[in-house]
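Visitor: Provided herewith is a single structure, encoded as structure tokens, for subsequent inquiry.
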Amino acid sequence: MKSLWYRSRSDARDDAEASRSLTMPVHTARPPLQQVLQRLTLALVVLAVTTLIVYLDSGGYHDNADDGVDFLDSAYYATVTLSTTGYGDITPVSDSARLVNILVITPLRVLFLIILVGTTLEVLTERTRQQVRIHRWRSRIRNHVIVVGYGTKGRHAVETLVGQGVSKERIVVVDAQRKVSDMAGDNGLVAVTGDATRSETLMRAEVRTAARVIVAPQRDDTAALVSLTARQLNRRATIVVAAREDENVPLLKQSGADTVITSSSSAGRLLGVAMVSPVVAGTLEDLMTLGSGLDLIERPVTAEEAGRSPRACADLVVAVIRGKDLLNYADPRLDVLRAGDRVITVSRPVQTEAV
């Protein structure tokens, strides 16, 4: 209700514009037959309540046919009244009956009509509900993750984020194709359809309040433009970019990327390792895929682990982040863990949610 009462004209205009490109997560609807039966049941309940009210005050009504109003007459009056037919053969004559008609029967008549035309009203109000959902989402979303490109790389990035505990409500997908955005919506994600190299598209994804941006388009030149635009709109966000060629890495970093992952060279190195030792390649694949065998994760040091050797941890510690330094397991400075350290460990698989 607050979204309906307190929206300014500019907010309403922005929400209407955003509704053309924003795809909200799909909510599972009840089957059509179940919806029809539910509305029919509600209509019958309203009819029964109206009949009972008229019957309890039958002395206040006059029937032109026999001067008496029994239960059947009450049901008949309720039917023609709620359907607004109003033949006039049975009428309220007492003050109490007329007062009940004003305060009770008339609201029930309106409710009855709303139920009967519920399907039409649902279609008419769908756009309003969509705009209200968008307005609420825009007013609440903060420190979220934007994934530009929902292809193979983007989908696997989302799967990994969800597997590491990031809620789907905090992930926004941006893609130029409507069918891809709809697929993201079917998977429970908010999606923006549009060209991510344009500022207005990223603004609809609320890039100004985002904490991280993952850029995974098909082309490196597109990735550079998206990174440049995202960095211009948000100076503090962490931007991770997927590139195809190593030679484009410096350009992408100059465009604002904090980290650049080169897919072709990474795949080439994995192919070389697989040629020498397929087992090692399989282990690396397990480490990069959450829930498939071994999980390589980053987490803070617990209170129990502080002051102890990394080898005393339950998980295998391969590196420690201390301040701005990355210390591997063989670093002589890594004698004991300290409060505030973050450890990179190989641990048991984490259950992931399908995307």
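FYI, nothing fancy with the structure tokens labels: chains A, B, ... in order, residues from 1 per chain, ligands from 1 as they appear.
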Got a sec to tell me which of region 32-223 of chain A DSSP assigns to helix (DSSP H, G or I), as a VMD selection string?
Guide: chain A and resid 32 to 56 58 to 60 71 to 82 95 to 116 118 to 140 152 to 163 168 to 170 178 to 186 199 to 204 207 to 209 220 to 223
Visitor: So that I can see what lies close to region 107-110 of chain A, please list as a JSON list (two decimals) with N, CA and C atoms, in the first residue's frame the residues with an atom at most 9 Å from it, counting only C-alpha atoms and leaving out residues fewer than 3 positions away in the same chain.
Guide:
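Written file, result_7.json:
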```json
[["chain", "number", "residue", "atom", "x", "y", "z"],
["A", 46, "VAL", "N", -20.86, -15.32, -0.67],
["A", 46, "VAL", "CA", -21.48, -14.00, -0.61],
["A", 46, "VAL", "C", -22.99, -14.12, -0.78],
["A", 47, "LEU", "N", -23.43, -14.96, -1.71],
["A", 47, "LEU", "CA", -24.86, -15.16, -1.93],
["A", 47, "LEU", "C", -25.53, -15.75, -0.70],
["A", 49, "VAL", "N", -24.49, -15.55, 2.46],
["A", 49, "VAL", "CA", -24.50, -14.55, 3.54],
["A", 49, "VAL", "C", -25.62, -13.54, 3.33],
["A", 50, "THR", "N", -25.79, -13.10, 2.08],
["A", 50, "THR", "CA", -26.85, -12.13, 1.79],
["A", 50, "THR", "C", -28.22, -12.74, 2.02],
["A", 81, "THR", "N", -30.73, -9.14, -6.40],
["A", 81, "THR", "CA", -30.11, -7.92, -5.90],
["A", 81, "THR", "C", -28.61, -7.92, -6.20],
["A", 82, "LEU", "N", -27.93, -9.02, -5.91],
["A", 82, "LEU", "CA", -26.49, -9.08, -6.14],
["A", 82, "LEU", "C", -26.15, -9.01, -7.63],
["A", 83, "SER", "N", -27.02, -9.55, -8.46],
["A", 83, "SER", "CA", -26.77, -9.49, -9.91],
["A", 83, "SER", "C", -27.24, -8.17, -10.51],
["A", 84, "THR", "N", -27.74, -7.24, -9.66],
["A", 84, "THR", "CA", -28.24, -5.92, -10.06],
["A", 84, "THR", "C", -29.42, -6.01, -11.03],
["A", 101, "ASN", "N", -29.60, -2.77, 3.82],
["A", 101, "ASN", "CA", -29.33, -2.72, 2.38],
["A", 101, "ASN", "C", -28.24, -1.71, 2.06],
["A", 102, "ILE", "N", -28.27, -0.58, 2.76],
["A", 102, "ILE", "CA", -27.27, 0.45, 2.48],
["A", 102, "ILE", "C", -25.89, 0.04, 2.96],
["A", 103, "LEU", "N", -25.83, -0.48, 4.19],
["A", 103, "LEU", "CA", -24.54, -0.74, 4.82],
["A", 103, "LEU", "C", -23.96, -2.11, 4.54],
["A", 104, "VAL", "N", -24.81, -3.09, 4.24],
["A", 104, "VAL", "CA", -24.35, -4.46, 4.11],
["A", 104, "VAL", "C", -24.60, -5.01, 2.71],
["A", 113, "LEU", "N", -19.94, -8.69, -7.65],
["A", 113, "LEU", "CA", -19.61, -8.33, -9.03],
["A", 113, "LEU", "C", -18.11, -8.41, -9.27],
["A", 114, "ILE", "N", -17.33, -8.00, -8.27],
["A", 114, "ILE", "CA", -15.87, -8.08, -8.41],
["A", 114, "ILE", "C", -15.43, -9.52, -8.59],
["A", 115, "ILE", "N", -16.04, -10.42, -7.83],
["A", 115, "ILE", "CA", -15.68, -11.84, -7.94],
["A", 115, "ILE", "C", -16.04, -12.38, -9.32]]
```
Visitor: Which of region 51-249 of chain A end up as strand (DSSP E) when DSSP is run on this backbone - answer as a list in words?
Guide: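 Put together, the selection reads Tyr61, His62, Asp63, Ile90, Thr91, Pro92, Val145, Ile146, Val147, Val148, Ile171, Val172, Val173, Val174, Asp175, Val190, Ala191, Val192, Thr193, Arg212, Val213, Ile214, Val215, Thr238, Ile239, Val240, Val241, Ala242 and Ala243 of chain A.
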Visitor: If you count only C-alpha atoms, which residues fall within 7 Å of Thr345 (chain A), apart from same-chain ones fewer than 2 positions away, as a list in words?
Guide: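 In the requested form, the answer reads Leu296, Ile297, Glu298, Asp315, Leu316, Val317, Val318, Val343 and Ser347 of chain A.
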Visitor: Need the shell around Arg231 (chain A): protein/DNA/RNA residues with any atom at most 8 Å away, counting only C-alpha atoms. Skip same-chain ones fewer than 5 positions apart. Format as JSON, numbers by chain?
Guide: {"A": [237, 239, 255, 256, 257]}
Visitor: Could those selected residues go to a file with N, CA and C atoms, as a PDB file, in the first residue's frame?
Guide:
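Below you can see part-v5.pdb, which holds the result:
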```
ATOM      1  N   ALA A 237      32.059  -0.231  -6.947  1.00  0.00           N
ATOM      2  CA  ALA A 237      31.688  -1.628  -7.203  1.00  0.00           C
ATOM      3  C   ALA A 237      32.899  -2.434  -7.694  1.00  0.00           C
ATOM      4  N   ILE A 239      34.253  -4.964 -10.236  1.00  0.00           N
ATOM      5  CA  ILE A 239      33.862  -5.372 -11.588  1.00  0.00           C
ATOM      6  C   ILE A 239      34.770  -6.515 -12.036  1.00  0.00           C
ATOM      7  N   SER A 255      39.560   0.038 -18.614  1.00  0.00           N
ATOM      8  CA  SER A 255      38.147   0.411 -18.712  1.00  0.00           C
ATOM      9  C   SER A 255      37.435   0.356 -17.372  1.00  0.00           C
ATOM     10  N   GLY A 256      38.127  -0.146 -16.349  1.00  0.00           N
ATOM     11  CA  GLY A 256      37.523  -0.150 -15.026  1.00  0.00           C
ATOM     12  C   GLY A 256      37.372  -1.508 -14.391  1.00  0.00           C
ATOM     13  N   ALA A 257      37.804  -2.573 -15.066  1.00  0.00           N
ATOM     14  CA  ALA A 257      37.665  -3.917 -14.498  1.00  0.00           C
ATOM     15  C   ALA A 257      38.684  -4.136 -13.389  1.00  0.00           C
TER      16      ALA A 257
END
```
Visitor: Using only C-alpha atoms, which residues sit within 10 Å of Asp335 (chain A) once same-chain residues fewer than 6 positions away are excluded, as number ranges by chain?
Guide: A: 307-311, 329
Visitor: Quick one: residues within 12 Å of Lys179 (chain A), only C-alpha atoms counted, chain neighbours fewer than 2 positions away excluded, as a PyMOL selection string?
Guide: chain A and resi 21+23+150-151+174-177+181-186+191-194
Visitor: What's the separation between CA of Arg269 (chain A) and CA of Leu251 (chain A), in Å to one decimal place?
Guide: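 Separation of CA of Arg269 (chain A) and CA of Leu251 (chain A): 22.1 Å.
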Visitor: I need the residue nearest Arg212 (chain A) from this list: A:Ile90, A:Val162, A:Ile146, A:Leu42. Use only C-alpha atoms for the distance.
Guide: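 Closest candidate: A:Ile146.
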Visitor: Go ahead and compute the interatomic distance for CA of Ala216 (chain A) and CA of Gly268 (chain A), in Å to one decimal.
Guide: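 Separation between CA of Ala216 (chain A) and CA of Gly268 (chain A): 18.7 Å.
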Visitor: Between CA of Ala306 (chain A) and CA of Leu327 (chain A), what distance in Å does the model show, to one decimal?
Guide: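 Between CA of Ala306 (chain A) and CA of Leu327 (chain A) the gap works out to 15.8 Å.
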